[in-house]
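Pasted below: upload05.cif, mmCIF, C-alpha atoms.
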data_input
#
loop_
_atom_site.label_atom_id
_atom_site.label_comp_id
_atom_site.auth_asym_id
_atom_site.auth_seq_id
_atom_site.Cartn_x
_atom_site.Cartn_y
_atom_site.Cartn_z
CA MET A 651 1.88 -24.27 18.45
CA THR A 652 -1.34 -25.77 17.07
CA VAL A 653 -3.89 -23.19 15.99
CA PHE A 654 -7.51 -24.34 16.17
CA ALA A 655 -9.39 -21.18 15.26
CA ALA A 656 -10.41 -20.36 11.71
CA PRO A 657 -8.26 -17.78 9.89
CA LEU A 658 -8.94 -14.17 10.78
CA PRO A 659 -8.58 -12.09 7.59
CA THR A 660 -6.29 -9.24 8.61
CA LEU A 661 -5.27 -6.15 6.68
CA MET A 662 -1.72 -4.90 7.12
CA VAL A 663 -0.98 -1.38 5.91
CA VAL A 664 2.35 0.44 5.96
CA PRO A 665 1.65 3.47 3.78
CA THR A 666 4.14 3.99 1.00
CA GLY A 667 6.57 6.89 1.21
CA ILE A 668 6.05 7.97 4.81
CA GLY A 669 9.43 6.81 6.13
CA CYS A 670 8.31 4.19 8.63
CA GLU A 671 11.13 2.59 10.60
CA ILE A 672 9.68 -0.78 9.65
CA GLY A 673 8.40 -0.90 6.08
CA GLY A 674 9.86 2.37 4.87
CA PHE A 675 12.68 0.69 2.97
CA ALA A 676 13.14 -2.34 0.70
CA GLY A 677 10.48 -4.81 1.79
CA ASP A 678 11.71 -4.57 5.35
CA ALA A 679 8.20 -5.09 6.77
CA LEU A 680 8.22 -8.59 5.28
CA PRO A 681 9.26 -10.34 8.52
CA SER A 682 6.42 -8.54 10.32
CA ALA A 683 4.01 -9.52 7.54
CA ARG A 684 5.08 -13.15 7.82
CA LEU A 685 4.48 -13.04 11.57
CA LEU A 686 1.03 -11.49 11.13
CA ALA A 687 0.21 -14.06 8.44
CA ALA A 688 1.09 -16.83 10.87
CA ALA A 689 -1.00 -15.20 13.62
CA SER A 690 -4.03 -14.51 11.44
CA GLY A 691 -3.91 -17.34 8.92
CA CYS A 692 -4.89 -14.81 6.24
CA LEU A 693 -3.06 -11.53 5.65
CA ILE A 694 -4.01 -9.01 3.01
CA THR A 695 -1.25 -6.51 2.35
CA HIS A 696 0.23 -4.32 -0.36
CA PRO A 697 3.44 -4.31 -2.39
CA ASN A 698 5.23 -1.69 -0.27
CA VAL A 699 5.15 -4.08 2.67
CA ILE A 700 6.68 -7.09 0.98
CA ASN A 701 8.52 -5.96 -2.16
CA GLY A 702 12.24 -6.29 -1.49
CA ALA A 703 13.55 -5.72 -5.04
CA SER A 704 15.58 -8.90 -5.54
CA LEU A 705 14.22 -10.32 -2.27
CA TYR A 706 10.74 -11.78 -1.89
CA TRP A 707 8.91 -14.42 0.09
CA ARG A 708 5.95 -16.44 -0.98
CA ASP A 709 3.39 -17.46 1.62
CA PRO A 710 -0.03 -18.77 0.60
CA ARG A 711 -1.54 -16.96 3.57
CA ILE A 712 -0.39 -13.56 2.24
CA HIS A 713 -2.54 -11.86 -0.41
CA TYR A 714 -0.67 -9.30 -2.53
CA VAL A 715 -3.08 -6.45 -3.20
CA GLU A 716 -2.03 -3.11 -4.69
CA GLY A 717 -2.95 0.00 -2.70
CA TYR A 718 -5.84 1.29 -4.82
CA SER A 719 -7.53 -2.09 -4.73
CA LEU A 720 -6.72 -2.40 -1.03
CA ASP A 721 -8.63 0.84 -0.39
CA ARG A 722 -11.57 -0.36 -2.51
CA PHE A 723 -11.52 -3.69 -0.66
CA ALA A 724 -11.55 -2.01 2.77
CA ALA A 725 -14.43 0.20 1.66
CA ALA A 726 -16.43 -2.91 0.68
CA ALA A 727 -16.52 -1.84 -2.97
CA TRP A 728 -14.29 -4.63 -4.29
CA GLY A 729 -13.72 -8.23 -3.27
CA LEU A 730 -10.70 -10.50 -3.72
CA ARG A 731 -10.66 -13.89 -5.40
CA PRO A 732 -7.53 -16.00 -4.72
CA ARG A 733 -5.82 -17.41 -7.82
CA ARG A 734 -3.34 -20.21 -8.38
CA SER A 735 -1.53 -18.06 -10.89
CA GLN A 736 -1.83 -14.91 -12.93
CA ARG A 737 -0.69 -14.38 -16.51
CA ILE A 738 1.53 -11.35 -16.22
CA GLY A 739 2.09 -8.74 -18.89
CA LEU A 740 5.26 -6.65 -18.66
CA LEU A 741 4.82 -2.95 -19.41
CA LEU A 742 8.04 -1.02 -20.01
CA ASP A 743 8.40 2.76 -20.19
CA ALA A 744 9.77 4.03 -23.52
CA GLY A 745 12.00 6.30 -21.43
CA ILE A 746 14.16 3.35 -20.32
CA GLU A 747 17.55 3.19 -22.05
CA SER A 748 18.33 0.09 -24.12
CA ASP A 749 20.79 -1.54 -21.69
CA LEU A 750 18.52 -1.03 -18.72
CA LEU A 751 15.59 -2.26 -20.76
CA LEU A 752 17.45 -5.45 -21.56
CA ARG A 753 18.18 -6.00 -17.87
CA HIS A 754 14.46 -5.90 -17.12
CA ARG A 755 13.58 -8.23 -19.97
CA GLN A 756 16.20 -10.68 -18.72
CA VAL A 757 14.78 -10.60 -15.18
CA ALA A 758 11.37 -11.48 -16.61
CA GLU A 759 12.87 -14.27 -18.71
CA GLY A 760 14.72 -15.52 -15.64
CA CYS A 761 11.51 -15.59 -13.62
CA ARG A 762 9.87 -17.62 -16.39
CA ALA A 763 12.76 -20.06 -16.64
CA SER A 764 13.68 -20.45 -12.97
CA LEU A 765 10.47 -19.73 -11.07
CA GLY A 766 7.90 -20.97 -13.58
CA LEU A 767 6.01 -17.69 -13.78
CA ASP A 768 3.55 -17.15 -16.60
CA ILE A 769 4.64 -13.93 -18.34
CA ASN A 770 2.87 -13.81 -21.64
CA ALA A 771 3.68 -10.49 -23.27
CA VAL A 772 5.84 -7.41 -23.10
CA VAL A 773 4.98 -3.98 -24.41
CA ARG A 774 6.68 -0.59 -24.47
CA THR A 775 4.77 2.63 -24.11
CA ASP A 776 4.60 4.73 -27.27
CA GLU A 777 6.13 7.72 -25.44
CA PRO A 778 8.20 8.18 -22.27
CA LEU A 779 5.93 8.37 -19.22
CA GLY A 780 7.72 11.37 -17.74
CA VAL A 781 7.78 10.52 -14.04
CA HIS A 782 8.08 13.45 -11.64
CA LEU A 783 8.83 13.10 -7.96
CA ALA A 784 7.21 15.34 -5.37
CA ALA A 785 7.37 15.75 -1.62
CA GLY A 786 4.48 16.92 0.50
CA ASP A 787 4.86 19.47 3.28
CA SER A 788 4.34 16.52 5.60
CA GLY A 789 7.59 14.99 4.35
CA THR A 790 5.86 12.13 2.54
CA SER A 791 6.79 11.28 -1.03
CA TRP A 792 4.42 11.71 -3.97
CA GLY A 793 4.72 12.03 -7.70
CA THR A 794 2.96 12.40 -11.02
CA LEU A 795 3.28 11.44 -14.69
CA ASP A 796 3.43 13.71 -17.72
CA ARG A 797 1.66 11.17 -19.92
CA PRO A 798 -0.79 8.99 -18.01
CA ASP A 799 -2.73 8.21 -21.19
CA THR A 800 0.25 6.49 -22.80
CA LEU A 801 0.55 4.26 -19.73
CA LEU A 802 -3.09 3.26 -19.96
CA ARG A 803 -2.91 2.60 -23.71
CA ALA A 804 -0.01 0.20 -23.24
CA ALA A 805 -1.79 -1.56 -20.39
CA GLU A 806 -4.91 -2.00 -22.49
CA ARG A 807 -2.80 -3.75 -25.14
CA LEU A 808 -1.52 -6.22 -22.55
CA LYS A 809 -4.99 -6.92 -21.22
CA ALA A 810 -6.25 -7.45 -24.77
CA ALA A 811 -3.39 -9.93 -25.29
CA GLY A 812 -4.60 -12.01 -22.36
CA SER A 813 -2.58 -10.67 -19.45
CA THR A 814 -4.50 -10.93 -16.18
CA ALA A 815 -1.99 -8.87 -14.19
CA ILE A 816 0.49 -6.17 -15.14
CA ALA A 817 4.01 -5.46 -13.93
CA VAL A 818 4.99 -1.95 -14.94
CA VAL A 819 8.50 -0.54 -15.03
CA ALA A 820 8.86 3.22 -15.36
CA ARG A 821 12.10 5.17 -15.77
CA PHE A 822 12.58 7.18 -12.60
CA PRO A 823 14.87 10.19 -12.23
CA ASP A 824 18.32 9.20 -10.97
CA GLU A 825 19.06 10.99 -7.72
CA LEU A 826 22.68 10.09 -7.27
CA ASP A 827 23.75 13.24 -5.47
CA THR A 828 20.76 14.14 -3.43
CA GLU A 829 20.71 14.23 0.34
CA THR A 830 17.37 12.43 0.25
CA LEU A 831 18.85 9.38 -1.41
CA ALA A 832 21.81 9.32 0.97
CA ALA A 833 19.51 9.56 3.97
CA TYR A 834 17.37 6.72 2.62
CA ARG A 835 20.35 4.47 1.98
CA HIS A 836 21.62 5.20 5.49
CA GLY A 837 18.28 4.35 7.04
CA THR A 838 17.10 7.77 8.12
CA GLY A 839 15.05 9.15 5.25
CA VAL A 840 11.89 8.72 3.26
CA ASP A 841 11.88 6.64 0.07
CA ALA A 842 11.57 9.50 -2.43
CA LEU A 843 10.46 7.17 -5.25
CA ALA A 844 7.71 5.35 -3.43
CA GLY A 845 4.94 7.91 -3.70
CA ALA A 846 5.23 8.16 -7.49
CA GLU A 847 5.34 4.37 -7.74
CA ALA A 848 2.05 4.15 -5.88
CA VAL A 849 0.46 6.70 -8.19
CA ILE A 850 1.42 4.65 -11.26
CA SER A 851 0.02 1.41 -9.93
CA HIS A 852 -3.11 3.14 -8.56
CA LEU A 853 -3.81 4.57 -12.00
CA LEU A 854 -3.50 1.20 -13.72
CA VAL A 855 -5.65 -0.66 -11.20
CA ARG A 856 -8.33 2.03 -11.28
CA HIS A 857 -8.44 1.82 -15.09
CA LEU A 858 -8.25 -1.94 -15.66
CA GLN A 859 -9.35 -3.49 -12.35
CA ILE A 860 -6.69 -6.19 -12.53
CA PRO A 861 -3.67 -6.67 -10.25
CA CYS A 862 -0.82 -4.32 -11.09
CA ALA A 863 2.41 -3.38 -9.38
CA HIS A 864 5.38 -1.20 -10.18
CA ALA A 865 9.16 -1.38 -10.18
CA PRO A 866 11.29 1.69 -10.89
CA ALA A 867 14.08 1.57 -13.48
CA LEU A 868 17.22 3.29 -12.26
CA GLU A 869 20.91 3.26 -12.96
CA ALA A 870 22.85 1.07 -10.51
CA LEU A 871 24.13 2.98 -7.50
CA PRO A 872 27.78 3.09 -6.38
CA LEU A 873 28.76 0.94 -3.44
CA ASP A 874 28.07 2.49 -0.04
CA VAL A 875 29.89 1.01 2.93
CA ASP A 876 27.38 2.59 5.32
CA LEU A 877 24.33 1.10 3.61
CA ASP A 878 21.50 0.39 6.04
CA PRO A 879 20.49 -3.30 5.99
CA ARG A 880 16.86 -2.29 5.40
CA ALA A 881 17.81 -0.76 2.04
CA ALA A 882 20.13 -3.59 1.01
CA GLY A 883 17.51 -5.53 -0.96
CA GLU A 884 17.68 -2.84 -3.63
CA GLU A 885 21.44 -3.18 -4.09
CA LEU A 886 21.57 -6.86 -5.00
CA GLY A 887 20.81 -6.58 -8.66
CA TYR A 888 20.16 -4.25 -11.56
CA THR A 889 16.38 -4.11 -11.23
CA PHE A 890 13.63 -4.13 -8.61
CA LEU A 891 11.40 -6.29 -10.78
CA ALA A 892 11.70 -9.85 -9.45
CA CYS A 893 9.64 -9.25 -6.30
CA VAL A 894 6.90 -7.58 -8.33
CA LEU A 895 6.61 -10.51 -10.72
CA VAL A 896 6.55 -13.02 -7.87
CA GLY A 897 3.96 -11.00 -5.95
CA LEU A 898 1.70 -10.58 -8.95
CA SER A 899 2.01 -14.22 -9.96
CA ARG A 900 -0.47 -15.22 -7.25
CA ALA A 901 -2.24 -11.94 -6.57
CA PRO A 902 -5.99 -12.30 -6.13
CA ASP A 903 -8.42 -11.21 -8.82
CA LEU A 904 -10.33 -8.01 -8.11
CA LEU A 905 -14.13 -8.21 -8.01
CA ASP A 906 -16.37 -5.18 -8.41
CA LEU A 907 -19.07 -5.94 -5.87
CA SER A 908 -21.46 -3.44 -7.45
CA SER A 909 -21.53 -5.49 -10.65
CA GLY A 910 -23.59 -8.30 -9.15
CA CYS A 911 -20.80 -10.82 -9.74
CA SER A 912 -21.31 -14.27 -8.23
CA MET A 913 -19.18 -15.06 -5.21
CA ALA A 914 -17.09 -18.19 -4.66
CA GLY A 915 -16.38 -19.90 -1.34
CA ASP A 916 -12.88 -18.58 -0.85
CA ASP A 917 -13.55 -15.02 -2.00
CA LEU A 918 -12.62 -12.33 0.50
CA VAL A 919 -14.79 -9.31 1.26
CA ALA A 920 -14.50 -6.50 3.80
CA ASP A 921 -17.23 -8.00 5.99
CA GLN A 922 -14.82 -10.81 6.81
CA LEU A 923 -12.05 -8.52 8.03
CA GLY A 924 -11.15 -9.27 11.63
CA ALA A 925 -8.38 -6.73 12.15
CA VAL A 926 -6.37 -3.95 10.54
CA VAL A 927 -2.74 -3.42 11.55
CA VAL A 928 -1.26 0.00 10.78
CA PRO A 929 1.51 2.32 12.08
CA ASP A 930 0.14 4.45 14.90
CA GLY A 931 0.86 7.75 13.14
CA ALA A 932 -0.66 6.73 9.83
CA LEU A 933 -4.36 6.40 10.56
CA GLY A 934 -5.41 8.98 7.97
CA GLY A 935 -5.46 6.74 4.91
CA GLU A 936 -8.57 5.56 3.14
CA ALA A 937 -8.34 1.87 4.07
CA VAL A 938 -8.00 2.61 7.77
CA LEU A 939 -10.77 5.22 7.82
CA ALA A 940 -13.07 2.83 5.94
CA SER A 941 -12.28 0.08 8.44
CA LEU A 942 -13.00 2.39 11.38
CA GLU A 943 -16.37 3.21 9.77
CA ARG A 944 -17.14 -0.47 9.56
CA GLY A 945 -16.17 -1.24 13.15
CA VAL A 946 -13.19 -3.44 12.26
CA PRO A 947 -10.69 -3.62 15.15
CA VAL A 948 -7.73 -1.41 14.27
CA ILE A 949 -4.37 -2.21 15.86
CA ALA A 950 -2.05 0.83 15.86
CA VAL A 951 1.57 -0.25 16.07
CA ASN A 952 4.45 1.87 17.28
CA ASN A 953 6.31 2.29 13.97
CA PRO A 954 7.49 5.88 13.67
CA GLY A 955 7.43 7.70 10.34
CA VAL A 956 6.97 11.32 9.30
CA LEU A 957 3.22 11.44 10.03
CA SER A 958 1.46 11.95 13.36
CA VAL A 959 -2.13 11.17 12.45
CA SER A 960 -2.78 9.20 15.61
CA ALA A 961 -5.89 7.81 17.27
CA GLU A 962 -5.86 10.78 19.65
CA ALA A 963 -5.58 13.27 16.78
CA LEU A 964 -8.50 11.60 15.03
CA GLY A 965 -10.50 11.55 18.26
CA CYS A 966 -11.06 7.81 18.18
CA GLY A 967 -8.64 6.61 20.84
CA ASN A 968 -11.18 4.29 22.45
CA GLN A 969 -11.73 2.44 19.15
CA ILE A 970 -8.07 1.55 18.67
CA LEU A 971 -5.94 -1.24 20.11
CA LYS A 972 -2.36 -0.19 20.69
CA ALA A 973 0.72 -2.32 20.20
CA GLY A 974 4.32 -1.46 21.00
CA SER A 975 5.67 -3.69 18.23
CA TYR A 976 4.57 -6.01 15.45
CA ALA A 977 5.26 -8.89 17.82
CA GLU A 978 2.68 -7.43 20.21
CA ALA A 979 0.30 -6.79 17.31
CA ALA A 980 0.61 -10.46 16.34
CA GLY A 981 -0.39 -11.35 19.89
CA LEU A 982 -3.47 -9.14 19.62
CA VAL A 983 -4.37 -10.68 16.26
CA THR A 984 -4.04 -14.14 17.81
CA ALA A 985 -6.33 -13.06 20.67
CA LEU A 986 -8.93 -11.76 18.22
CA ARG A 987 -8.63 -14.94 16.18
CA GLU A 988 -9.15 -17.08 19.29
CA GLY A 989 -12.01 -14.93 20.60
CA ILE A 990 -10.09 -13.77 23.67
CA ALA A 991 -11.13 -10.33 24.92
CA THR A 992 -8.03 -8.20 24.55
CA ALA A 993 -8.97 -6.20 27.69
CA SER A 994 -8.45 -9.39 29.71
CA LEU A 995 -4.80 -9.48 28.70
CA VAL A 996 -3.75 -6.29 30.50
CA ARG A 997 -3.86 -4.99 34.05
CA PRO A 998 -5.50 -3.28 35.73
CA LEU A 999 -8.74 -4.87 34.48
CA PRO A 1000 -11.54 -2.32 34.93
CA SER A 1001 -14.82 -3.46 36.49
CA MET A 1002 -17.81 -4.09 34.28
CA GLN A 1003 -19.97 -1.10 33.46
CA GLU A 1004 -23.23 -0.99 35.42
CA LEU A 1005 -26.10 0.12 33.17
CA ASN A 1006 -28.76 2.29 34.74
CA MET B 283 -6.07 13.11 -18.57
CA LYS B 284 -3.85 15.12 -16.22
CA LEU B 285 -2.49 14.20 -12.83
CA SER B 286 -1.72 16.83 -10.24
CA PHE B 287 -0.35 16.71 -6.71
CA ARG B 288 -2.32 18.90 -4.34
CA ARG B 289 -2.27 19.87 -0.70
CA LEU B 290 -5.56 20.99 0.79
CA SER B 291 -6.14 22.67 4.13
CA LEU B 292 -9.63 21.79 5.34
CA ILE B 293 -11.70 22.65 8.39
CA SER B 294 -14.01 19.80 9.21
CA PRO B 295 -17.56 20.64 10.27
CA GLU B 296 -18.32 20.51 13.98
CA LEU B 297 -19.22 17.06 15.26
CA CYS B 298 -17.86 15.30 12.15
CA ALA B 299 -17.71 11.77 13.50
CA ILE B 300 -14.96 9.36 12.51
CA ASP B 301 -17.61 7.39 10.61
CA ASP B 302 -18.24 10.38 8.36
CA LEU B 303 -14.68 11.65 7.96
CA ARG B 304 -13.68 9.63 4.88
CA SER B 305 -16.75 10.55 2.86
CA TRP B 306 -16.42 14.21 3.91
CA VAL B 307 -12.77 14.38 2.80
CA LEU B 308 -13.63 12.64 -0.48
CA GLU B 309 -16.38 15.18 -1.07
CA GLN B 310 -13.92 18.05 -0.57
CA LEU B 311 -11.35 16.44 -2.89
CA GLN B 312 -13.92 15.77 -5.60
CA ARG B 313 -14.46 19.51 -5.93
CA GLU B 314 -10.89 19.72 -7.25
CA GLY B 315 -10.75 16.55 -9.32
CA GLU B 316 -11.07 12.81 -9.01
CA PRO B 317 -8.96 11.57 -6.10
CA LEU B 318 -6.53 8.87 -7.19
CA ARG B 319 -4.49 8.63 -3.99
CA TRP B 320 -4.85 10.68 -0.84
CA ALA B 321 -4.23 10.76 2.88
CA ILE B 322 -4.84 13.00 5.84
CA THR B 323 -1.31 14.07 6.76
CA SER B 324 -1.95 16.39 9.71
CA ILE B 325 -4.73 17.07 12.20
CA GLN B 326 -5.03 19.98 14.61
CA ARG B 327 -7.93 20.06 17.06
CA SER B 328 -9.19 23.37 18.40
CA SER B 329 -9.22 23.54 22.18
CA GLU B 330 -12.21 25.90 22.10
CA THR B 331 -14.50 24.37 19.47
CA SER B 332 -15.04 20.89 18.10
CA GLN B 333 -13.65 21.96 14.73
CA VAL B 334 -10.68 20.11 13.34
CA ALA B 335 -8.10 21.50 10.90
CA LEU B 336 -6.93 18.85 8.46
CA GLU B 337 -4.12 18.81 5.94
CA VAL B 338 -4.78 16.42 3.09
CA GLU B 339 -2.26 15.52 0.40
CA ALA B 340 -3.58 13.98 -2.79
CA VAL B 341 -2.97 13.18 -6.41
CA LEU B 342 -6.02 14.17 -8.42
CA ILE B 343 -7.15 13.29 -11.93
CA ASN B 344 -8.56 15.98 -14.19
CA PRO B 345 -9.65 15.72 -17.82
#

Encoded form using structure tokens:
Amino acid sequence: MTVFAAPLPTLMVVPTGIGCEIGGFAGDALPSARLLAAASGCLITHPNVINGASLYWRDPRIHYVEGYSLDRFAAAAWGLRPRRSQRIGLLLDAGIESDLLLRHRQVAEGCRASLGLDINAVVRTDEPLGVHLAAGDSGTSWGTLDRPDTLLRAAERLKAAGSTAIAVVARFPDELDTETLAAYRHGTGVDALAGAEAVISHLLVRHLQIPCAHAPALEALPLDVDLDPRAAGEELGYTFLACVLVGLSRAPDLLDLSSGCSMAGDDLVADQLGAVVVPDGALGGEAVLASLERGVPVIAVNNPGVLSVSAEALGCGNQILKAGSYAEAAGLVTALREGIATASLVRPLPSMQELN
Amino acid sequence: MKLSFRRLSLISPELCAIDDLRSWVLEQLQREGEPLRWAITSIQRSSETSQVALEVEAVLINP
């Protein structure tokens, strides 16, 4: 198919740690993201959507933007400036044991040697970060850190050394015997680590305003013959770091639009957004609410998770386009990109409104 | 700096339009700390009034 219309910058959100059937596992929303990138010509999305541990996919139409910066972007506070490459600093939690630490260093060295990534420095925190996992009453995963200041100190050292993006690896609690982990590996549960991961990367991006993303350090899991294919990306190696390094390597710079910075021709700002694609029960996040405020078309996709914050619950059903699948959402994005009224694509087609 | 996970039960004012919801939730969260990450995780609408009961989960930053 030849596409004639200009790209339609589109935001794809699958909130982290809410157990979505698509995107609730190991980068398993990546095929949907690739489809939406093809439909829109420009997709802005976050690590949870496309990080598949040892699996990743590079597409110049996909912009890898961590969740805190994604929210700031949608709220028109920050802009995005595409980059050919980022110089990545590797931040390692002092709580990681020596063997596991070496595994992570070797992944980074491998990405330098085999993928040509620019990884300029590595630093360890001066104390263990102390990651704690939490679960909300809603069933979503969250988490906190005992020592956020030690994380920020280490990140400042990397930025001072010339790193323009930061990959952080924190030691997460091993959950070998929990029901939650078993459910996740069998494709029925929420990723218990994901919420804490998002908190770590949010904190770094808020503090430094450069691209950051997180990979958890965990002991390797025993083989599971009933492993769900959506979780399989995390069982291919000893770390989840490769996808983070690849994603960050071409992540856009973050621009504070209140600083009066000059804009370049290919910079992206919220005013250019043509659509937001989000699971239909997950409309209560900041990026989606900001987009609704700004009148950006929101496409709510049937993608069940643990939340039920729907268009009807929010009282904005008439502002939302509904899609039964990401394939249908891609069709709606294509229609928006081509300037085709989406109402014309369904039947019955109501008559025009007569104004008095 | 301290991080804390919080769950807040909020009743939105009557006629709080979708355009005002984000800033209203942020205002409520900022009374407890600086919101780092948050989401509305449940909404219940009253059948008798236009009030809406919200559950918000958040990680907040405090000095």

To one decimal in Å, tell me the separation between CA of Gly315 in chain B and CA of Asn344 in chain B. 5.4 Å

On this structure, the PyMOL selection byres ((chain A and resi 876) around 12) would catch which residues? List them as a PDB file with C-alpha atoms, keeping the file's coordinate frame, sorted by chain and number.
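Below is the file expr_20.pdb, written as the result:
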ATOM      1  CA  ALA A 832      21.810   9.320   0.970  1.00  0.00           C
ATOM      2  CA  ALA A 833      19.510   9.560   3.970  1.00  0.00           C
ATOM      3  CA  TYR A 834      17.370   6.720   2.620  1.00  0.00           C
ATOM      4  CA  ARG A 835      20.350   4.470   1.980  1.00  0.00           C
ATOM      5  CA  HIS A 836      21.620   5.200   5.490  1.00  0.00           C
ATOM      6  CA  GLY A 837      18.280   4.350   7.040  1.00  0.00           C
ATOM      7  CA  THR A 838      17.100   7.770   8.120  1.00  0.00           C
ATOM      8  CA  PRO A 872      27.780   3.090  -6.380  1.00  0.00           C
ATOM      9  CA  LEU A 873      28.760   0.940  -3.440  1.00  0.00           C
ATOM     10  CA  ASP A 874      28.070   2.490  -0.040  1.00  0.00           C
ATOM     11  CA  VAL A 875      29.890   1.010   2.930  1.00  0.00           C
ATOM     12  CA  LEU A 877      24.330   1.100   3.610  1.00  0.00           C
ATOM     13  CA  ASP A 878      21.500   0.390   6.040  1.00  0.00           C
ATOM     14  CA  PRO A 879      20.490  -3.300   5.990  1.00  0.00           C
ATOM     15  CA  ARG A 880      16.860  -2.290   5.400  1.00  0.00           C
ATOM     16  CA  ALA A 881      17.810  -0.760   2.040  1.00  0.00           C
ATOM     17  CA  ALA A 882      20.130  -3.590   1.010  1.00  0.00           C
TER      18      ALA A 882
END

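Residues surrounding Pro317 in chain B within 7 Å are B:Leu311, B:Gln312, B:Ala340, B:Val341, B:Leu342, B:Ile343 [only C-alpha atoms; sequence separation below 4 positions excluded].
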
Target residues per the PyMOL selection byres ((chain B) within 8 of (chain A)), formatted as number ranges by chain: B: 283-287, 289, 300-304, 318-327, 339, 341

How many Å lie between CA of Thr814 in chain A and CA of Val896 in chain A, rounded to one decimal? 14.0 Å

Spell out the residues picked by the PyMOL selection byres ((chain A and resi 749) around 12) here, as a PyMOL selection string. chain A and resi 745-748+750-756+867-870+888-889

So what do you get for CA of Leu918 in chain A versus CA of Ala687 in chain A, distance-wise?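 CA of Leu918 in chain A sits 15.2 Å away from CA of Ala687 in chain A.
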
Anything within 8 Å of (13.4, 2.2, 6.4): list those residues as an MDAnalysis selection string, counting all atoms listed in the file and sticking to the file's coordinates. chainID A and resid 669:676 678 834 837:841 880:881

8 Å contact set for Arg731 in chain A, all atoms listed in the file, chain neighbours under 4 positions out, as a list in words: Pro902, Asp903, Leu904, Leu905, Ala914, Asp916, Asp917 and Leu918 of chain A

Which residue gives the smallest distance to Leu336 in chain B among B:Gln310, B:Leu290, B:Glu316, B:Ala299, with all atoms listed in the file counted?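 For Leu336 in chain B, the nearest of the candidates is B:Leu290.
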
Once 3 Å is added on each side, what are the centre and the three edge lengths, in Å to one decimal, of the axis-aligned box enclosing the listed atoms of range 903-915 of chain A? Present them as AutoDock Vina command-line options.
--center_x -16.0 --center_y -11.7 --center_z -6.0 --size_x 21.2 --size_y 22.5 --size_z 15.3
